[in-house]
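Reproduced below: data-v1.txt, with compact mmCIF, C-alpha atoms.
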```txt
# COMPACT_ATOMS: atom_id res chain seq x y z
CA LYS H 1008 5.87 -31.75 -9.24
CA ALA H 1009 2.94 -32.64 -7.02
CA GLY H 1010 0.95 -29.77 -5.59
CA VAL H 1011 -0.11 -29.14 -2.01
CA THR H 1012 -2.17 -32.04 -0.71
CA GLN H 1013 -4.71 -31.70 2.06
CA THR H 1014 -6.52 -34.55 3.75
CA PRO H 1015 -9.28 -35.26 4.34
CA ARG H 1016 -11.29 -33.25 1.83
CA TYR H 1017 -14.49 -33.31 3.85
CA LEU H 1018 -15.25 -33.84 7.51
CA ILE H 1019 -18.36 -33.83 9.65
CA LYS H 1020 -17.81 -33.59 13.39
CA THR H 1021 -19.99 -33.08 16.44
CA ARG H 1022 -19.68 -30.13 18.81
CA GLY H 1023 -17.12 -30.80 21.52
CA GLN H 1024 -15.07 -33.23 19.46
CA GLN H 1025 -11.60 -32.53 18.17
CA VAL H 1026 -10.26 -32.76 14.63
CA THR H 1027 -6.85 -33.05 12.95
CA LEU H 1028 -6.24 -31.85 9.40
CA SER H 1029 -3.16 -32.71 7.37
CA CYS H 1030 -1.17 -30.82 4.76
CA SER H 1031 1.68 -32.08 2.59
CA PRO H 1032 3.54 -29.19 0.96
CA ILE H 1033 5.16 -29.04 -2.45
CA SER H 1034 8.48 -30.86 -2.38
CA GLY H 1035 11.24 -28.52 -1.28
CA HIS H 1036 8.90 -25.97 0.31
CA ARG H 1037 9.68 -25.46 3.98
CA SER H 1038 7.04 -22.88 4.87
CA VAL H 1039 3.47 -24.02 5.51
CA SER H 1040 0.62 -21.67 6.38
CA TRP H 1041 -2.98 -22.36 7.36
CA TYR H 1042 -6.07 -20.26 6.66
CA GLN H 1043 -9.73 -20.43 7.61
CA GLN H 1044 -12.39 -19.29 5.14
CA THR H 1045 -15.95 -18.52 6.21
CA PRO H 1046 -18.68 -16.56 4.43
CA GLY H 1047 -18.75 -13.96 7.19
CA GLN H 1048 -15.05 -13.43 7.89
CA GLY H 1049 -13.47 -14.29 4.57
CA LEU H 1050 -9.97 -15.75 4.50
CA GLN H 1051 -8.13 -15.44 7.78
CA PHE H 1052 -4.58 -16.45 8.67
CA LEU H 1053 -4.22 -19.11 11.37
CA PHE H 1054 -0.47 -19.78 11.65
CA GLU H 1055 2.74 -20.38 9.73
CA TYR H 1056 5.46 -22.94 10.26
CA PHE H 1057 9.00 -23.06 8.95
CA SER H 1058 11.46 -25.83 9.75
CA GLU H 1059 9.20 -27.17 12.50
CA THR H 1060 8.92 -23.77 14.22
CA GLN H 1061 5.83 -21.63 14.42
CA ARG H 1062 6.93 -18.21 13.23
CA ASN H 1063 3.62 -16.43 13.10
CA LYS H 1064 0.16 -16.84 14.55
CA GLY H 1065 -3.17 -15.23 13.75
CA ASN H 1066 -5.85 -14.09 16.12
CA PHE H 1067 -7.53 -17.40 16.93
CA PRO H 1068 -8.24 -19.04 20.31
CA GLY H 1069 -5.90 -21.59 21.78
CA ARG H 1070 -8.21 -24.40 20.63
CA PHE H 1071 -6.50 -24.01 17.28
CA SER H 1072 -3.01 -25.46 17.20
CA GLY H 1073 -0.61 -26.87 14.69
CA ARG H 1074 2.73 -28.48 14.16
CA GLN H 1075 5.19 -29.22 11.44
CA PHE H 1076 7.27 -32.34 11.02
CA SER H 1077 10.85 -32.70 9.83
CA ASN H 1078 9.63 -33.55 6.31
CA SER H 1079 7.70 -30.23 6.27
CA ARG H 1080 4.30 -31.92 6.43
CA SER H 1081 1.99 -30.04 8.76
CA GLU H 1082 -1.06 -30.78 10.83
CA MET H 1083 -3.54 -28.49 12.48
CA ASN H 1084 -5.77 -29.47 15.33
CA VAL H 1085 -8.97 -27.93 16.59
CA SER H 1086 -10.16 -29.08 20.00
CA THR H 1087 -13.60 -28.71 21.58
CA LEU H 1088 -15.24 -27.93 18.28
CA GLU H 1089 -17.88 -25.22 18.08
CA LEU H 1090 -20.51 -24.66 15.40
CA GLY H 1091 -18.63 -21.54 14.33
CA ASP H 1092 -15.59 -23.62 13.42
CA SER H 1093 -17.43 -24.87 10.35
CA ALA H 1094 -15.32 -23.56 7.50
CA LEU H 1095 -13.04 -24.33 4.61
CA TYR H 1096 -9.50 -24.79 5.92
CA LEU H 1097 -6.78 -24.06 3.42
CA CYS H 1098 -3.11 -24.85 3.60
CA ALA H 1099 -0.41 -23.13 1.56
CA SER H 1100 3.27 -23.83 1.03
CA SER H 1101 5.97 -21.55 -0.23
CA SER H 1102 9.69 -21.38 -0.78
CA ARG H 1103 11.93 -18.50 0.33
CA GLY H 1104 9.06 -16.09 0.88
CA ARG H 1105 7.87 -16.17 -2.69
CA SER H 1106 4.62 -17.33 -4.23
CA ALA H 1107 2.30 -19.30 -1.96
CA PHE H 1108 0.55 -22.32 -3.45
CA PHE H 1109 -2.68 -23.60 -1.93
CA GLY H 1110 -4.15 -27.04 -1.53
CA GLN H 1111 -7.74 -27.96 -2.32
CA GLY H 1112 -8.81 -27.44 1.26
CA THR H 1113 -10.65 -29.39 3.90
CA ARG H 1114 -14.30 -28.55 4.34
CA LEU H 1115 -15.23 -29.03 8.00
CA THR H 1116 -18.83 -29.11 9.13
CA VAL H 1117 -19.58 -29.08 12.85
CA VAL H 1118 -23.06 -30.27 13.83
CA GLY O 120 -2.53 -4.80 10.67
CA ILE O 121 -2.46 -4.15 6.96
CA GLN O 122 -5.76 -3.42 5.23
CA VAL O 123 -6.63 -4.80 1.79
CA GLU O 124 -9.59 -3.47 -0.17
CA GLN O 125 -10.82 -4.91 -3.42
CA SER O 126 -13.19 -3.32 -5.88
CA PRO O 127 -15.69 -3.79 -7.24
CA PRO O 128 -17.24 -6.40 -4.93
CA ASP O 129 -19.34 -7.78 -7.79
CA LEU O 130 -18.91 -7.63 -11.53
CA ILE O 131 -21.25 -8.98 -14.22
CA LEU O 132 -20.04 -9.16 -17.81
CA GLN O 133 -21.03 -10.51 -21.17
CA GLU O 134 -18.64 -12.97 -22.75
CA GLY O 135 -15.98 -11.12 -24.70
CA ALA O 136 -15.93 -8.03 -22.51
CA ASN O 137 -12.85 -6.70 -20.73
CA SER O 138 -12.61 -5.92 -17.02
CA THR O 139 -10.31 -4.39 -14.44
CA LEU O 140 -10.20 -5.46 -10.81
CA ARG O 141 -8.47 -3.27 -8.24
CA CYS O 142 -6.67 -3.99 -4.99
CA ASN O 143 -5.63 -1.22 -2.57
CA PHE O 144 -3.40 -1.93 0.40
CA SER O 145 -2.48 0.23 3.35
CA ASP O 146 1.21 -0.52 3.95
CA SER O 147 4.40 -1.56 2.19
CA VAL O 148 4.40 -5.15 1.00
CA ASN O 149 7.00 -7.66 -0.08
CA ASN O 150 4.49 -10.09 -1.56
CA LEU O 151 1.31 -9.55 -3.54
CA GLN O 152 -0.57 -12.33 -5.23
CA TRP O 153 -3.76 -12.62 -7.25
CA PHE O 154 -5.82 -15.79 -6.97
CA HIS O 155 -8.92 -17.22 -8.62
CA GLN O 156 -11.00 -19.43 -6.35
CA ASN O 157 -12.60 -22.27 -8.25
CA PRO O 158 -16.07 -23.65 -7.43
CA TRP O 159 -14.50 -26.37 -5.28
CA GLY O 160 -12.72 -23.83 -3.12
CA GLN O 161 -9.15 -24.15 -4.29
CA LEU O 162 -7.17 -20.95 -4.73
CA ILE O 163 -5.49 -20.95 -8.11
CA ASN O 164 -2.39 -18.78 -8.48
CA LEU O 165 -2.71 -16.14 -11.15
CA PHE O 166 0.19 -13.79 -10.43
CA TYR O 167 2.95 -13.20 -7.91
CA ILE O 168 3.47 -9.48 -8.45
CA PRO O 169 4.83 -7.33 -5.59
CA SER O 170 5.74 -4.73 -8.22
CA GLY O 171 5.75 -4.23 -11.97
CA THR O 172 3.66 -5.73 -14.73
CA LYS O 173 3.12 -9.32 -15.86
CA GLN O 174 1.00 -10.97 -18.51
CA ASN O 175 -0.29 -14.49 -18.89
CA GLY O 176 -2.53 -15.01 -21.89
CA ARG O 177 -5.73 -12.98 -21.51
CA LEU O 178 -4.77 -11.94 -18.00
CA SER O 179 -2.34 -9.28 -16.95
CA ALA O 180 -1.53 -7.51 -13.71
CA THR O 181 0.19 -4.34 -12.62
CA THR O 182 1.32 -3.38 -9.13
CA VAL O 183 2.38 0.17 -8.30
CA ALA O 184 3.98 -0.43 -4.94
CA THR O 185 4.75 3.24 -4.24
CA GLU O 186 1.04 4.07 -4.59
CA ARG O 187 -0.10 0.87 -2.86
CA TYR O 188 -2.41 -0.61 -5.45
CA SER O 189 -2.58 -3.45 -7.92
CA LEU O 190 -4.78 -4.04 -10.94
CA LEU O 191 -5.83 -7.29 -12.57
CA TYR O 192 -6.96 -7.06 -16.18
CA ILE O 193 -9.07 -9.73 -17.84
CA SER O 194 -9.52 -9.36 -21.57
CA SER O 195 -12.02 -11.13 -23.83
CA SER O 196 -13.69 -12.73 -20.81
CA GLN O 197 -15.04 -16.27 -21.00
CA THR O 198 -17.66 -18.03 -18.90
CA THR O 199 -14.88 -20.08 -17.34
CA ASP O 200 -13.45 -16.86 -15.86
CA SER O 201 -16.42 -16.71 -13.49
CA GLY O 202 -15.63 -17.06 -9.82
CA VAL O 203 -14.08 -15.12 -7.00
CA TYR O 204 -10.82 -13.22 -7.45
CA PHE O 205 -8.69 -12.47 -4.41
CA CYS O 206 -5.79 -10.17 -3.87
CA ALA O 207 -3.49 -11.10 -0.99
CA VAL O 208 -0.49 -9.29 0.43
CA GLU O 209 2.29 -9.94 2.90
CA ARG O 210 3.31 -6.83 4.80
CA GLU O 211 6.95 -5.84 4.68
CA GLY O 212 8.74 -6.44 7.94
CA GLY O 213 10.10 -9.26 10.01
CA THR O 214 6.89 -10.16 11.85
CA SER O 215 4.84 -11.07 8.81
CA TYR O 216 6.37 -14.44 7.98
CA GLY O 217 4.11 -16.37 5.68
CA LYS O 218 1.08 -14.29 6.60
CA LEU O 219 -1.02 -13.33 3.64
CA THR O 220 -3.79 -10.82 4.30
CA PHE O 221 -6.64 -11.23 1.85
CA GLY O 222 -9.10 -8.76 0.45
CA GLN O 223 -12.80 -9.60 0.50
CA GLY O 224 -12.70 -10.64 -3.13
CA THR O 225 -14.45 -9.66 -6.36
CA ILE O 226 -17.21 -11.99 -7.53
CA LEU O 227 -17.06 -12.13 -11.31
CA THR O 228 -19.94 -13.53 -13.34
CA VAL O 229 -19.53 -13.88 -17.09
CA HIS O 230 -22.70 -14.57 -19.08
CA PRO O 231 -22.62 -16.31 -22.49
```
Spell out the structure here as structure tokens.
Amino acid sequence: KAGVTQTPRYLIKTRGQQVTLSCSPISGHRSVSWYQQTPGQGLQFLFEYFSETQRNKGNFPGRFSGRQFSNSRSEMNVSTLELGDSALYLCASSSRGRSAFFGQGTRLTVV
Amino acid sequence: GIQVEQSPPDLILQEGANSTLRCNFSDSVNNLQWFHQNPWGQLINLFYIPSGTKQNGRLSATTVATERYSLLYISSSQTTDSGVYFCAVEREGGTSYGKLTFGQGTILTVHP
């Protein structure tokens, strides 16, 4: 069974631009969650989607958004990028509230 | 929200030594996982253990849910065990869908 796949692996963007990250969950997993990891704040929850519905959202500004498609693939978007958005973005999928499995992450650098 | 505290923050060992990492949490949970973050950033699942004891090779874990703590044991450590270990929990209750709250991690360094 293929694991969680995140694309792209690395991104460099300029302040003010927007970015879209993609996550393909493990086959059969309907829940997809996103996390941001920075040296200062650690791992923080962004949002969770299940069957195309956002069920939970972390404490991030509205510039951070996401969606989930009918095949459970998910995307997150960050608009008007700021230097502080530089981080490792991790996606996880899970089935029926059990173990979450993480992808390799997308490392975003904002210059 | 739920608080997760890991200790110690840093741990330095010689190869072959044993270690215990601790995770305290402030509320009832229905999910607790231990992860090892590899040098490339990926979180590798070690245990899904909201309660009880599990073992996998040189690693084992115990969660005492009633006392709100979990322990990760690493025996006969190897240099490849080096990295950051995270405990993450999902608080019990209907508003915590898919939300894992992570501790700050324990940085383990194993010297040959």
Residues of chain H within 6 Å of chain O, counting all atoms listed in the file, what are they? List them as a PDB file with C-alpha atoms, in the frame of the given file.
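Dumped to selection_33.pdb:
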```pdb
ATOM      1  CA  GLU H1055       2.740 -20.380   9.730  1.00  0.00           C
ATOM      2  CA  SER H1106       4.620 -17.330  -4.230  1.00  0.00           C
ATOM      3  CA  PHE H1109      -2.680 -23.600  -1.930  1.00  0.00           C
ATOM      4  CA  GLN H1111      -7.740 -27.960  -2.320  1.00  0.00           C
TER       5      GLN H1111
END
```
Nearest residue to Val1085 in chain H from the set H:Ser1100, H:Gln1048, H:Ser1029, H:Ser1072 (distances using only C-alpha atoms): H:Ser1072
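With CA of Thr172 in chain O on one side and CA of Pro128 in chain O on the other, the separation reads 23.1 Å.
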Exercise: residues within 12 Å of coordinate (5.0, -26.1, 1.4), counting all atoms listed in the file, as a ChimeraX atom specification: /H:1009-1013,1030-1041,1055-1059,1075-1076,1078-1081,1098-1110 /O:217
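Put simply, CA of Gln1025 in chain H is 14.4 Å away from CA of Ala1094 in chain H.
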Interatomic distance (Å, one decimal) between CA of Gly1049 in chain H and CA of Leu132 in chain O: 23.9 Å
Shell of 12 Å around Thr185 in chain O, all atoms listed in the file, local chain residues under 5 positions omitted, as an MDAnalysis selection string: chainID O and resid 143:149 169:171
Contacts of Pro231 in chain O at 7 Å (all atoms listed in the file; same-chain gap of 5+ positions) as an NGL selection string: :O and (133-134 or 198)
Near range 195-197 of chain O, counting all atoms listed in the file, which residues have an atom at most 6 Å away, once you skip same-chain residues fewer than 3 positions from it, shown as a PDB file with C-alpha atoms, keeping the file's coordinate frame?
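And here's around29.pdb as it stands now:
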```
ATOM      1  CA  GLU O 134     -18.640 -12.970 -22.750  1.00  0.00           C
ATOM      2  CA  GLY O 135     -15.980 -11.120 -24.700  1.00  0.00           C
ATOM      3  CA  ALA O 136     -15.930  -8.030 -22.510  1.00  0.00           C
ATOM      4  CA  ASN O 137     -12.850  -6.700 -20.730  1.00  0.00           C
ATOM      5  CA  ASP O 200     -13.450 -16.860 -15.860  1.00  0.00           C
TER       6      ASP O 200
END
```
Residue nearest Thr1060 in chain H - candidates H:Thr1027, H:Thr1116, H:Ser1077, H:Gln1043, atoms counted: only C-alpha atoms: H:Ser1077
Please determine an axis-aligned box that encloses all atoms of range 170-183 of chain O listed in the file, with 3 Å added on each side, and express its centre and edge lengths in Å to one decimal as JSON.
```
{"center_x": 0.0, "center_y": -7.4, "center_z": -15.1, "size_x": 17.5, "size_y": 21.2, "size_z": 19.7}
```
Would you mind completing range 124-135 of chain O so that it carries N, CA and C atoms, and writing it out as a PDB file, in the coordinates of the input?
```
ATOM      1  N   GLU O 124      -8.242  -3.743   0.349  1.00  0.00           N
ATOM      2  CA  GLU O 124      -9.590  -3.470  -0.170  1.00  0.00           C
ATOM      3  C   GLU O 124      -9.641  -3.788  -1.654  1.00  0.00           C
ATOM      4  N   GLN O 125     -10.637  -4.568  -2.020  1.00  0.00           N
ATOM      5  CA  GLN O 125     -10.820  -4.910  -3.420  1.00  0.00           C
ATOM      6  C   GLN O 125     -12.080  -4.262  -3.969  1.00  0.00           C
ATOM      7  N   SER O 126     -12.004  -3.870  -5.228  1.00  0.00           N
ATOM      8  CA  SER O 126     -13.190  -3.320  -5.880  1.00  0.00           C
ATOM      9  C   SER O 126     -13.200  -3.721  -7.352  1.00  0.00           C
ATOM     10  N   PRO O 127     -14.408  -3.846  -7.937  1.00  0.00           N
ATOM     11  CA  PRO O 127     -15.690  -3.790  -7.240  1.00  0.00           C
ATOM     12  C   PRO O 127     -15.957  -5.109  -6.498  1.00  0.00           C
ATOM     13  N   PRO O 128     -16.910  -5.144  -5.600  1.00  0.00           N
ATOM     14  CA  PRO O 128     -17.240  -6.400  -4.930  1.00  0.00           C
ATOM     15  C   PRO O 128     -17.906  -7.408  -5.864  1.00  0.00           C
ATOM     16  N   ASP O 129     -18.669  -6.910  -6.814  1.00  0.00           N
ATOM     17  CA  ASP O 129     -19.340  -7.780  -7.790  1.00  0.00           C
ATOM     18  C   ASP O 129     -19.179  -7.179  -9.174  1.00  0.00           C
ATOM     19  N   LEU O 130     -19.073  -8.080 -10.155  1.00  0.00           N
ATOM     20  CA  LEU O 130     -18.910  -7.630 -11.530  1.00  0.00           C
ATOM     21  C   LEU O 130     -19.616  -8.628 -12.436  1.00  0.00           C
ATOM     22  N   ILE O 131     -20.511  -8.115 -13.277  1.00  0.00           N
ATOM     23  CA  ILE O 131     -21.250  -8.980 -14.220  1.00  0.00           C
ATOM     24  C   ILE O 131     -20.912  -8.525 -15.627  1.00  0.00           C
ATOM     25  N   LEU O 132     -20.479  -9.472 -16.448  1.00  0.00           N
ATOM     26  CA  LEU O 132     -20.040  -9.160 -17.810  1.00  0.00           C
ATOM     27  C   LEU O 132     -20.686 -10.093 -18.815  1.00  0.00           C
ATOM     28  N   GLN O 133     -20.700  -9.630 -20.057  1.00  0.00           N
ATOM     29  CA  GLN O 133     -21.030 -10.510 -21.170  1.00  0.00           C
ATOM     30  C   GLN O 133     -19.719 -11.103 -21.690  1.00  0.00           C
ATOM     31  N   GLU O 134     -19.810 -12.309 -22.169  1.00  0.00           N
ATOM     32  CA  GLU O 134     -18.640 -12.970 -22.750  1.00  0.00           C
ATOM     33  C   GLU O 134     -18.012 -12.063 -23.792  1.00  0.00           C
ATOM     34  N   GLY O 135     -16.686 -11.965 -23.745  1.00  0.00           N
ATOM     35  CA  GLY O 135     -15.980 -11.120 -24.700  1.00  0.00           C
ATOM     36  C   GLY O 135     -15.606  -9.751 -24.174  1.00  0.00           C
TER      37      GLY O 135
END
```
